[in-house]
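Peer 1: Quick one: the structure is below, and I'll ask about it shortly.
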Amino acid sequence: MKDVSALIQENGAVQDRSIYWDDDIYLLEQERIFARAWLFLTHESQIPLPGDFIATRMGEDEVIVTRHTDGSLKAFLNSCSHRGNQICYSEMGNSKSFTCAYHGWSFGTDGKLINVPLENETYYNNIDKNRFDLRQVAQIDSYHGLIFATFDPTAPPLMDFLGDMAWYMDAFMDVPGGTELLGPPMKSILDCNWKVPVENFIGDGYHVGWAHAAALDAIQSPLTSMKGNAPGYEPKTSGIQVATEGGHGMGIIWDAAAALHVNPAYGEWIDYRTEMVREKRGEWGAKLYNGHWDASIFPNCSFLYGTNTFKHWQPAGPRSIEVFTWTLVEKEMPEELKQYLSVMNMMTFGTAGMLETDDGENMEGCTGTNKGWVTRQGKVYSGMGQINEGPHDELPGIVSDGIVCETSYRGFYRAWADMMSGKSWEEMSRGGSRRSIKEVA
Ligand code: UNU
Ligand code: FES
Ligand code: FE
């Protein structure tokens, strides 16, 4: 395998193309990133009652996420401790226990082995059942309803892992009544490496007017003015991009939360709520709430706040992903508004959504060309705006000088490189990608 420390260069601005293609790099990602980072599982509203469960994956590890009988959240491997068969094949439901289809071992909603068929007759009551509980995640927690877990007992608490990203997200997550993901999610498969959509959603303001020109035209919303990056569109003043500690980041277009919408009801809701947010979180809070965001939560979740889409990019081999698309709404929104936003999400970023298909083709292209051995020896570049970014007087993270740049790409790849080189969480905080800019200043 290539020297891991050379895969990312120039402070995050250059990527070796093998990271989008090679099997050995993908396997190392499973070990060093997906087995260690906090990973999104589901939303609390999907499993409100004892016995509710969903099945998902953490990296390539199959897991069951439950609401245990005592109300707590549990997550454990969906693979039988007897001979390894997958235990649960449904995606969601409610159950008192999970029974393996092969020999019938059954497990509680906390993953504990509770029944072994013919236990007396075959094991002569001499089997220590505790030894065969399903492997639990090391830590599980939720942030405003979003449930995350990690397999790494040494990982920092979830709120430290999210760090400054949570400070930003609070502007729209920490509203009266809270937020919600409407599920179950839409699902599709894309033939691309998982990092390609993550880097796109982390703040690619460059592609919006270009790749989405026809879709912007078809929708005829205020964002149509970005079409074709035409004169009059001013990327320097229209927004910022931010790289926060730990590889999270976003691009924010000011005063544009509802700008990809045709129904005035959403803009009216945003205006009404902005005042509440201003009272609670001040001017910056209001400005963030009223902005349109594209963002990624390291390593494999993204969302568009304003366009109400929430994406979970599940790696399925080095060159394929499963895309799960949820609708992000506020719980207190009127039901008709939630329905409208859910339909708009389908039309824009659902499986056959107008913008989803624009992006999908590009993401598959950015992956697929690397099948060529010669092509794969090269590098790709995300150096835009590198000479004009830095700490901000009032905002955490590294802040760019406009919406069209690659500041947040670089933050993501610095964190990726840190984790891939096997640094401890300690090392990553001391001078690495996990250092809060506020603490440094
Ligand atoms: O395609 C996107 N990531 C996007 C679309 C970002 C901002 C506005 C609209
Ligand atoms: Fe960006 Fe070609 S112009 S990938
Ligand atoms: Fe896009």
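The way I read the labels, and the way they are meant: chains A, B, ... in the order of the structure tokens, residue 1 as the first residue of every chain, and ligand 1 as the first ligand shown, with later ones counted on from there.
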Using only C-alpha atoms and all ligand atoms, which residues have at least one atom no more than 8 Å from ligand 2? Output them as a list in words.
Peer 2: His207, Asn362 and Cys366 of chain A
Peer 1: Select from range 23-177 of chain A everything DSSP, run on the backbone, classes as alpha helix (DSSP H), then give the selection as a list in words.
Peer 2: Asp23, Asp24, Ile25, Tyr26, Leu27, Leu28, Glu29, Glu119, Asn120, Glu121, Thr122, Tyr123, Leu158, Met159, Asp160, Phe161, Leu162, Asp164, Met165, Ala166, Trp167, Tyr168, Met169, Asp170, Ala171, Phe172 and Met173 of chain A
Peer 1: Mind listing the strand (DSSP E) residues of range 156-292 of chain A, per DSSP on the backbone, as a PyMOL selection string?
Peer 2: chain A and resi 179-190+239-243+249-253+292
Peer 1: How about saving the chosen residues, N, CA and C atoms kept, as an mmCIF file, in the first residue's frame?
Peer 2:
data_model
loop_
_atom_site.group_PDB
_atom_site.id
_atom_site.type_symbol
_atom_site.label_atom_id
_atom_site.label_comp_id
_atom_site.auth_asym_id
_atom_site.auth_seq_id
_atom_site.Cartn_x
_atom_site.Cartn_y
_atom_site.Cartn_z
ATOM 1 N N THR A 179 -35.914 19.634 16.473
ATOM 2 C CA THR A 179 -35.976 19.238 15.068
ATOM 3 C C THR A 179 -36.232 17.739 14.975
ATOM 4 N N GLU A 180 -36.480 17.303 13.772
ATOM 5 C CA GLU A 180 -36.879 15.910 13.567
ATOM 6 C C GLU A 180 -36.418 15.492 12.177
ATOM 7 N N LEU A 181 -36.074 14.235 12.030
ATOM 8 C CA LEU A 181 -35.852 13.686 10.692
ATOM 9 C C LEU A 181 -37.085 12.876 10.344
ATOM 10 N N LEU A 182 -37.733 13.218 9.234
ATOM 11 C CA LEU A 182 -38.872 12.422 8.803
ATOM 12 C C LEU A 182 -38.343 11.192 8.090
ATOM 13 N N GLY A 183 -38.746 10.029 8.577
ATOM 14 C CA GLY A 183 -38.306 8.772 7.989
ATOM 15 C C GLY A 183 -39.511 7.889 7.766
ATOM 16 N N PRO A 184 -39.330 6.659 7.391
ATOM 17 C CA PRO A 184 -38.043 6.068 7.051
ATOM 18 C C PRO A 184 -37.447 6.709 5.806
ATOM 19 N N PRO A 185 -36.106 6.640 5.680
ATOM 20 C CA PRO A 185 -35.431 7.368 4.607
ATOM 21 C C PRO A 185 -35.637 6.752 3.223
ATOM 22 N N MET A 186 -35.488 7.617 2.211
ATOM 23 C CA MET A 186 -35.410 7.124 0.825
ATOM 24 C C MET A 186 -34.040 6.462 0.670
ATOM 25 N N LYS A 187 -33.941 5.512 -0.257
ATOM 26 C CA LYS A 187 -32.675 4.778 -0.398
ATOM 27 C C LYS A 187 -32.283 4.666 -1.858
ATOM 28 N N SER A 188 -31.004 4.816 -2.117
ATOM 29 C CA SER A 188 -30.509 4.530 -3.464
ATOM 30 C C SER A 188 -29.056 4.106 -3.391
ATOM 31 N N ILE A 189 -28.558 3.646 -4.525
ATOM 32 C CA ILE A 189 -27.166 3.204 -4.603
ATOM 33 C C ILE A 189 -26.448 4.067 -5.623
ATOM 34 N N LEU A 190 -25.244 4.521 -5.281
ATOM 35 C CA LEU A 190 -24.430 5.284 -6.231
ATOM 36 C C LEU A 190 -23.073 4.597 -6.357
ATOM 37 N N GLY A 239 -21.704 34.646 1.127
ATOM 38 C CA GLY A 239 -21.645 33.625 2.180
ATOM 39 C C GLY A 239 -20.240 33.309 2.631
ATOM 40 N N ILE A 240 -20.121 32.276 3.470
ATOM 41 C CA ILE A 240 -18.827 31.823 3.970
ATOM 42 C C ILE A 240 -18.754 30.302 3.938
ATOM 43 N N GLN A 241 -17.547 29.833 4.050
ATOM 44 C CA GLN A 241 -17.330 28.412 4.247
ATOM 45 C C GLN A 241 -16.534 28.265 5.534
ATOM 46 N N VAL A 242 -16.809 27.217 6.284
ATOM 47 C CA VAL A 242 -16.135 27.030 7.563
ATOM 48 C C VAL A 242 -15.616 25.606 7.687
ATOM 49 N N ALA A 243 -14.368 25.470 8.127
ATOM 50 C CA ALA A 243 -13.838 24.162 8.511
ATOM 51 C C ALA A 243 -13.778 24.161 10.032
ATOM 52 N N GLY A 249 -17.678 20.543 8.584
ATOM 53 C CA GLY A 249 -17.620 21.856 7.954
ATOM 54 C C GLY A 249 -18.865 22.163 7.167
ATOM 55 N N MET A 250 -18.906 23.380 6.630
ATOM 56 C CA MET A 250 -20.122 23.815 5.935
ATOM 57 C C MET A 250 -19.865 25.022 5.060
ATOM 58 N N GLY A 251 -20.795 25.237 4.134
ATOM 59 C CA GLY A 251 -20.879 26.484 3.381
ATOM 60 C C GLY A 251 -22.226 27.102 3.693
ATOM 61 N N ILE A 252 -22.234 28.407 3.952
ATOM 62 C CA ILE A 252 -23.495 29.062 4.312
ATOM 63 C C ILE A 252 -23.747 30.233 3.371
ATOM 64 N N ILE A 253 -24.897 30.226 2.708
ATOM 65 C CA ILE A 253 -25.301 31.358 1.866
ATOM 66 C C ILE A 253 -26.239 32.218 2.715
ATOM 67 N N HIS A 292 -28.706 29.476 4.184
ATOM 68 C CA HIS A 292 -28.831 28.128 3.602
ATOM 69 C C HIS A 292 -27.485 27.434 3.755
#
Peer 1: For Val262 in chain A, please output as a list of chain:residue names all residues within 10 Å (counting only C-alpha atoms; exclusion window: fewer than 6 positions along the same chain).
Peer 2: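 My list of contacting residues is A:Ile219, A:Gln220, A:Ser221, A:Pro222, A:Met344.
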Peer 1: Once you count only C-alpha atoms and all ligand atoms, what closest atom pair and distance in Å to one decimal does each residue of chain A within 10 Å of ligand 3 have, with rows by chain and rising residue number, as a tab-separated table?
Peer 2:
residue	atom	partner	partner_atom_place_in_ligand_line	distance
A:Pro197	CA	ligand 3	1 (Fe)	8.7
A:Asn200	CA	ligand 3	1 (Fe)	6.9
A:Phe201	CA	ligand 3	1 (Fe)	7.1
A:Gly203	CA	ligand 3	1 (Fe)	9.6
A:Asp204	CA	ligand 3	1 (Fe)	7.6
A:Gly205	CA	ligand 3	1 (Fe)	8.5
A:Tyr206	CA	ligand 3	1 (Fe)	9.4
A:His207	CA	ligand 3	1 (Fe)	6.6
A:Val208	CA	ligand 3	1 (Fe)	5.7
A:Gly209	CA	ligand 3	1 (Fe)	9.2
A:Trp210	CA	ligand 3	1 (Fe)	9.4
A:Ala211	CA	ligand 3	1 (Fe)	7.1
A:His212	CA	ligand 3	1 (Fe)	6.6
A:Asp294	CA	ligand 3	1 (Fe)	9.0
A:Leu304	CA	ligand 3	1 (Fe)	9.9
A:Thr348	CA	ligand 3	1 (Fe)	9.6
A:Phe349	CA	ligand 3	1 (Fe)	8.7
A:Met354	CA	ligand 3	1 (Fe)	9.7
A:Leu355	CA	ligand 3	1 (Fe)	5.9
A:Glu356	CA	ligand 3	1 (Fe)	6.7
A:Thr357	CA	ligand 3	1 (Fe)	8.9
A:Asp358	CA	ligand 3	1 (Fe)	6.9
A:Asp359	CA	ligand 3	1 (Fe)	5.1
A:Gly360	CA	ligand 3	1 (Fe)	8.6
A:Asn362	CA	ligand 3	1 (Fe)	9.3
A:Met363	CA	ligand 3	1 (Fe)	9.8
Peer 1: Next, dump the selected residues to file, keeping only N, CA, C and O atoms, as a JSON list (two decimals), in the first residue's frame.
Peer 2:
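Output file selection.json follows:
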[["chain", "number", "residue", "atom", "x", "y", "z"],
["A", 197, "PRO", "N", -19.34, 12.42, -2.10],
["A", 197, "PRO", "CA", -20.49, 13.23, -1.67],
["A", 197, "PRO", "C", -20.23, 13.99, -0.38],
["A", 197, "PRO", "O", -20.76, 15.10, -0.19],
["A", 200, "ASN", "N", -18.50, 17.09, -1.35],
["A", 200, "ASN", "CA", -19.41, 17.98, -2.07],
["A", 200, "ASN", "C", -20.30, 18.74, -1.09],
["A", 200, "ASN", "O", -20.41, 19.96, -1.13],
["A", 201, "PHE", "N", -20.93, 17.99, -0.18],
["A", 201, "PHE", "CA", -21.90, 18.62, 0.73],
["A", 201, "PHE", "C", -21.22, 19.45, 1.81],
["A", 201, "PHE", "O", -21.87, 20.25, 2.47],
["A", 203, "GLY", "N", -19.46, 21.83, 1.47],
["A", 203, "GLY", "CA", -19.41, 23.26, 1.17],
["A", 203, "GLY", "C", -19.09, 23.59, -0.26],
["A", 203, "GLY", "O", -18.55, 24.68, -0.54],
["A", 204, "ASP", "N", -19.40, 22.70, -1.19],
["A", 204, "ASP", "CA", -19.06, 23.00, -2.58],
["A", 204, "ASP", "C", -20.02, 24.04, -3.17],
["A", 204, "ASP", "O", -21.03, 23.71, -3.78],
["A", 205, "GLY", "N", -19.68, 25.30, -2.96],
["A", 205, "GLY", "CA", -20.47, 26.38, -3.53],
["A", 205, "GLY", "C", -20.13, 26.62, -5.00],
["A", 205, "GLY", "O", -20.80, 27.38, -5.69],
["A", 206, "TYR", "N", -19.06, 25.97, -5.42],
["A", 206, "TYR", "CA", -18.55, 26.15, -6.79],
["A", 206, "TYR", "C", -19.45, 25.46, -7.81],
["A", 206, "TYR", "O", -19.68, 25.96, -8.90],
["A", 207, "HIS", "N", -19.98, 24.28, -7.43],
["A", 207, "HIS", "CA", -20.75, 23.49, -8.40],
["A", 207, "HIS", "C", -22.20, 23.92, -8.51],
["A", 207, "HIS", "O", -22.86, 23.56, -9.48],
["A", 208, "VAL", "N", -22.71, 24.64, -7.51],
["A", 208, "VAL", "CA", -24.16, 24.87, -7.44],
["A", 208, "VAL", "C", -24.67, 25.55, -8.71],
["A", 208, "VAL", "O", -25.57, 25.05, -9.38],
["A", 209, "GLY", "N", -24.05, 26.67, -9.07],
["A", 209, "GLY", "CA", -24.50, 27.41, -10.25],
["A", 209, "GLY", "C", -24.19, 26.69, -11.56],
["A", 209, "GLY", "O", -24.82, 26.96, -12.59],
["A", 210, "TRP", "N", -23.22, 25.81, -11.51],
["A", 210, "TRP", "CA", -22.78, 25.15, -12.74],
["A", 210, "TRP", "C", -23.48, 23.80, -12.96],
["A", 210, "TRP", "O", -24.26, 23.64, -13.89],
["A", 211, "ALA", "N", -23.20, 22.84, -12.05],
["A", 211, "ALA", "CA", -23.77, 21.49, -12.22],
["A", 211, "ALA", "C", -25.30, 21.51, -12.12],
["A", 211, "ALA", "O", -25.98, 20.71, -12.73],
["A", 212, "HIS", "N", -25.82, 22.45, -11.32],
["A", 212, "HIS", "CA", -27.27, 22.48, -11.09],
["A", 212, "HIS", "C", -27.97, 23.56, -11.93],
["A", 212, "HIS", "O", -29.12, 23.91, -11.62],
["A", 294, "ASP", "N", -24.95, 24.00, 3.28],
["A", 294, "ASP", "CA", -24.62, 22.62, 2.94],
["A", 294, "ASP", "C", -23.49, 22.25, 3.90],
["A", 294, "ASP", "O", -22.60, 23.04, 4.17],
["A", 304, "LEU", "N", -28.49, 19.58, 4.07],
["A", 304, "LEU", "CA", -28.70, 20.94, 3.59],
["A", 304, "LEU", "C", -29.75, 21.52, 4.51],
["A", 304, "LEU", "O", -30.90, 21.07, 4.50],
["A", 348, "THR", "N", -35.98, 17.46, -5.12],
["A", 348, "THR", "CA", -34.64, 18.02, -5.28],
["A", 348, "THR", "C", -33.54, 16.98, -4.99],
["A", 348, "THR", "O", -32.67, 16.74, -5.82],
["A", 349, "PHE", "N", -33.61, 16.34, -3.81],
["A", 349, "PHE", "CA", -32.52, 15.45, -3.39],
["A", 349, "PHE", "C", -32.95, 14.02, -3.10],
["A", 349, "PHE", "O", -32.22, 13.25, -2.50],
["A", 354, "MET", "N", -34.04, 16.29, -8.88],
["A", 354, "MET", "CA", -33.37, 17.02, -9.96],
["A", 354, "MET", "C", -31.91, 17.33, -9.63],
["A", 354, "MET", "O", -31.04, 17.21, -10.48],
["A", 355, "LEU", "N", -31.64, 17.74, -8.38],
["A", 355, "LEU", "CA", -30.26, 18.08, -8.04],
["A", 355, "LEU", "C", -29.46, 16.82, -7.69],
["A", 355, "LEU", "O", -28.26, 16.75, -7.94],
["A", 356, "GLU", "N", -30.15, 15.82, -7.14],
["A", 356, "GLU", "CA", -29.48, 14.56, -6.78],
["A", 356, "GLU", "C", -28.88, 13.90, -8.03],
["A", 356, "GLU", "O", -27.77, 13.37, -8.00],
["A", 357, "THR", "N", -29.64, 13.91, -9.11],
["A", 357, "THR", "CA", -29.15, 13.24, -10.32],
["A", 357, "THR", "C", -28.01, 14.03, -10.96],
["A", 357, "THR", "O", -27.08, 13.45, -11.51],
["A", 358, "ASP", "N", -28.06, 15.37, -10.87],
["A", 358, "ASP", "CA", -26.91, 16.18, -11.33],
["A", 358, "ASP", "C", -25.66, 15.76, -10.58],
["A", 358, "ASP", "O", -24.60, 15.51, -11.16],
["A", 359, "ASP", "N", -25.78, 15.71, -9.24],
["A", 359, "ASP", "CA", -24.62, 15.41, -8.41],
["A", 359, "ASP", "C", -24.15, 13.98, -8.61],
["A", 359, "ASP", "O", -22.95, 13.70, -8.67],
["A", 360, "GLY", "N", -25.11, 13.05, -8.70],
["A", 360, "GLY", "CA", -24.77, 11.62, -8.79],
["A", 360, "GLY", "C", -23.87, 11.33, -9.97],
["A", 360, "GLY", "O", -22.90, 10.58, -9.85],
["A", 362, "ASN", "N", -21.83, 13.36, -11.49],
["A", 362, "ASN", "CA", -20.48, 13.90, -11.24],
["A", 362, "ASN", "C", -19.72, 13.06, -10.21],
["A", 362, "ASN", "O", -18.51, 12.86, -10.34],
["A", 363, "MET", "N", -20.44, 12.59, -9.20],
["A", 363, "MET", "CA", -19.77, 11.80, -8.15],
["A", 363, "MET", "C", -19.28, 10.46, -8.69],
["A", 363, "MET", "O", -18.21, 9.98, -8.32]]
Peer 1: Which of these, A:Thr274, A:Ser320, A:Thr307, A:Asn370, has the shortest distance to ligand 1 once you count only C-alpha atoms and all ligand atoms?
Peer 2: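 Once distances to ligand 1 are computed over only C-alpha atoms and all ligand atoms, the minimum belongs to A:Thr307.
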Peer 1: Mind giving me the straight-line distance from CA of Leu260 in chain A to CA of Gly390 in chain A in Å, one decimal?
Peer 2: 29.4 Å
Peer 1: CA of Phe76 in chain A to CA of Gln30 in chain A: how many Å, to one decimal?
Peer 2: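 Computed distance, CA of Phe76 in chain A to CA of Gln30 in chain A, equals 16.9 Å.
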Peer 1: Could you list, as JSON, numbers by chain, every residue within 8 Å of Thr407 in chain A, counting only C-alpha atoms and ignoring same-chain residues fewer than 6 positions away?
Peer 2: {"A": [241, 242, 243, 383, 384, 385, 386, 389, 398, 399, 400]}
Peer 1: Write out, as a PDB file, in the first residue's frame, the residues just selected, with all heavy atoms.
Peer 2:
ATOM      1  N   GLN A 241     -17.547  29.833   4.050  1.00  0.00           N
ATOM      2  CA  GLN A 241     -17.330  28.412   4.247  1.00  0.00           C
ATOM      3  C   GLN A 241     -16.534  28.265   5.534  1.00  0.00           C
ATOM      4  O   GLN A 241     -15.681  29.106   5.822  1.00  0.00           O
ATOM      5  CB  GLN A 241     -16.518  27.881   3.076  1.00  0.00           C
ATOM      6  CG  GLN A 241     -16.928  26.519   2.639  1.00  0.00           C
ATOM      7  CD  GLN A 241     -16.077  26.045   1.492  1.00  0.00           C
ATOM      8  OE1 GLN A 241     -14.854  25.971   1.605  1.00  0.00           O
ATOM      9  NE2 GLN A 241     -16.718  25.739   0.398  1.00  0.00           N
ATOM     10  N   VAL A 242     -16.809  27.217   6.284  1.00  0.00           N
ATOM     11  CA  VAL A 242     -16.135  27.030   7.563  1.00  0.00           C
ATOM     12  C   VAL A 242     -15.616  25.606   7.687  1.00  0.00           C
ATOM     13  O   VAL A 242     -16.327  24.660   7.363  1.00  0.00           O
ATOM     14  CB  VAL A 242     -17.101  27.279   8.759  1.00  0.00           C
ATOM     15  CG1 VAL A 242     -16.346  27.203  10.081  1.00  0.00           C
ATOM     16  CG2 VAL A 242     -17.811  28.615   8.627  1.00  0.00           C
ATOM     17  N   ALA A 243     -14.368  25.470   8.127  1.00  0.00           N
ATOM     18  CA  ALA A 243     -13.838  24.162   8.511  1.00  0.00           C
ATOM     19  C   ALA A 243     -13.778  24.161  10.032  1.00  0.00           C
ATOM     20  O   ALA A 243     -13.075  24.977  10.620  1.00  0.00           O
ATOM     21  CB  ALA A 243     -12.440  23.962   7.935  1.00  0.00           C
ATOM     22  N   GLY A 383      -7.453  23.426  -3.600  1.00  0.00           N
ATOM     23  CA  GLY A 383      -6.664  24.513  -3.005  1.00  0.00           C
ATOM     24  C   GLY A 383      -7.337  25.877  -3.071  1.00  0.00           C
ATOM     25  O   GLY A 383      -6.736  26.885  -2.668  1.00  0.00           O
ATOM     26  N   MET A 384      -8.571  25.897  -3.542  1.00  0.00           N
ATOM     27  CA  MET A 384      -9.211  27.197  -3.758  1.00  0.00           C
ATOM     28  C   MET A 384      -9.373  27.980  -2.445  1.00  0.00           C
ATOM     29  O   MET A 384      -9.880  27.451  -1.460  1.00  0.00           O
ATOM     30  CB  MET A 384     -10.586  26.991  -4.412  1.00  0.00           C
ATOM     31  CG  MET A 384     -11.214  28.285  -4.874  1.00  0.00           C
ATOM     32  SD  MET A 384     -12.899  28.000  -5.424  1.00  0.00           S
ATOM     33  CE  MET A 384     -12.598  27.193  -6.977  1.00  0.00           C
ATOM     34  N   GLY A 385      -8.927  29.223  -2.450  1.00  0.00           N
ATOM     35  CA  GLY A 385      -9.115  30.099  -1.291  1.00  0.00           C
ATOM     36  C   GLY A 385      -8.153  29.854  -0.143  1.00  0.00           C
ATOM     37  O   GLY A 385      -8.291  30.439   0.931  1.00  0.00           O
ATOM     38  N   GLN A 386      -7.140  29.031  -0.381  1.00  0.00           N
ATOM     39  CA  GLN A 386      -6.234  28.675   0.715  1.00  0.00           C
ATOM     40  C   GLN A 386      -5.427  29.878   1.217  1.00  0.00           C
ATOM     41  O   GLN A 386      -5.025  29.912   2.376  1.00  0.00           O
ATOM     42  CB  GLN A 386      -5.278  27.562   0.262  1.00  0.00           C
ATOM     43  CG  GLN A 386      -4.600  26.836   1.400  1.00  0.00           C
ATOM     44  CD  GLN A 386      -3.954  25.532   0.948  1.00  0.00           C
ATOM     45  OE1 GLN A 386      -3.710  25.338  -0.240  1.00  0.00           O
ATOM     46  NE2 GLN A 386      -3.699  24.637   1.881  1.00  0.00           N
ATOM     47  N   GLU A 389      -7.920  32.584   4.076  1.00  0.00           N
ATOM     48  CA  GLU A 389      -8.816  32.007   5.082  1.00  0.00           C
ATOM     49  C   GLU A 389      -8.129  32.098   6.429  1.00  0.00           C
ATOM     50  O   GLU A 389      -6.920  32.305   6.490  1.00  0.00           O
ATOM     51  CB  GLU A 389      -9.115  30.539   4.742  1.00  0.00           C
ATOM     52  CG  GLU A 389      -7.878  29.648   4.842  1.00  0.00           C
ATOM     53  CD  GLU A 389      -8.093  28.202   4.396  1.00  0.00           C
ATOM     54  OE1 GLU A 389      -9.113  27.915   3.746  1.00  0.00           O
ATOM     55  OE2 GLU A 389      -7.226  27.378   4.691  1.00  0.00           O
ATOM     56  N   ILE A 398     -12.084  27.636  10.982  1.00  0.00           N
ATOM     57  CA  ILE A 398     -11.343  28.390   9.973  1.00  0.00           C
ATOM     58  C   ILE A 398     -12.371  28.873   8.965  1.00  0.00           C
ATOM     59  O   ILE A 398     -13.140  28.080   8.415  1.00  0.00           O
ATOM     60  CB  ILE A 398     -10.287  27.503   9.289  1.00  0.00           C
ATOM     61  CG1 ILE A 398      -9.260  27.059  10.334  1.00  0.00           C
ATOM     62  CG2 ILE A 398      -9.601  28.264   8.153  1.00  0.00           C
ATOM     63  CD1 ILE A 398      -8.322  25.999   9.839  1.00  0.00           C
ATOM     64  N   VAL A 399     -12.409  30.173   8.758  1.00  0.00           N
ATOM     65  CA  VAL A 399     -13.481  30.771   7.961  1.00  0.00           C
ATOM     66  C   VAL A 399     -12.896  31.312   6.663  1.00  0.00           C
ATOM     67  O   VAL A 399     -11.817  31.919   6.654  1.00  0.00           O
ATOM     68  CB  VAL A 399     -14.183  31.886   8.782  1.00  0.00           C
ATOM     69  CG1 VAL A 399     -15.297  32.536   7.976  1.00  0.00           C
ATOM     70  CG2 VAL A 399     -14.742  31.315  10.080  1.00  0.00           C
ATOM     71  N   SER A 400     -13.616  31.082   5.570  1.00  0.00           N
ATOM     72  CA  SER A 400     -13.142  31.483   4.244  1.00  0.00           C
ATOM     73  C   SER A 400     -13.545  32.924   3.942  1.00  0.00           C
ATOM     74  O   SER A 400     -14.239  33.560   4.729  1.00  0.00           O
ATOM     75  CB  SER A 400     -13.766  30.586   3.187  1.00  0.00           C
ATOM     76  OG  SER A 400     -15.121  30.995   2.991  1.00  0.00           O
TER      77      SER A 400
END
Peer 1: Just checking: using only C-alpha atoms, which residue out of A:Thr66, A:Gln339, A:Thr150, A:Ser72 ends up closest to Gly111 in chain A?
Peer 2: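 Checking each candidate against Gly111 in chain A, we get A:Thr66 as the closest.
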Peer 1: Find, counting only C-alpha atoms and all ligand atoms, the residue in A:Asn345, A:Asn193, A:Asn130, A:Thr369 that gets nearest to ligand 1.
Peer 2: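 The answer is A:Asn345, which sits nearest to ligand 1.
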Peer 1: With distances taken over only C-alpha atoms and all ligand atoms, which of A:Lys129, A:His248, A:Lys227, A:Arg434 is nearest to ligand 1?
Peer 2: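 The shortest atom-to-atom distance to ligand 1 comes from A:Lys227.
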Peer 1: Between A:Gly378, A:Gly291, A:Pro231, A:Gly431, single out the one closest to ligand 1, counting only C-alpha atoms and all ligand atoms.
Peer 2: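 Between A:Gly378, A:Gly291, A:Pro231, A:Gly431, the residue approaching ligand 1 most closely is A:Gly291.
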Peer 1: Extract, using only C-alpha atoms, all DNA, RNA and protein residues at most 9 Å from Gly71 in chain A, discarding same-chain residues fewer than 5 positions from it, and format them as a PDB file with C-alpha atoms, in the first residue's frame.
Peer 2:
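Saved as part_28.pdb:
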ATOM      1  CA  PRO A  48     -39.543   6.130  20.614  1.00  0.00           C
ATOM      2  CA  LEU A  49     -40.952   3.060  22.445  1.00  0.00           C
ATOM      3  CA  PRO A  50     -39.332   0.169  24.357  1.00  0.00           C
ATOM      4  CA  GLY A  51     -38.623  -2.631  21.885  1.00  0.00           C
TER       5      GLY A  51
END
Peer 1: Can you pull out every residue within 8 Å of range 151-166 of chain A, counting only C-alpha atoms, but drop anything in the same chain fewer than 2 positions away, and send it as a ChimeraX atom specification?
Peer 2: /A:35-38,136-139,141-143,148-149,168-170,244-246,248-249,297,396-397,425,436
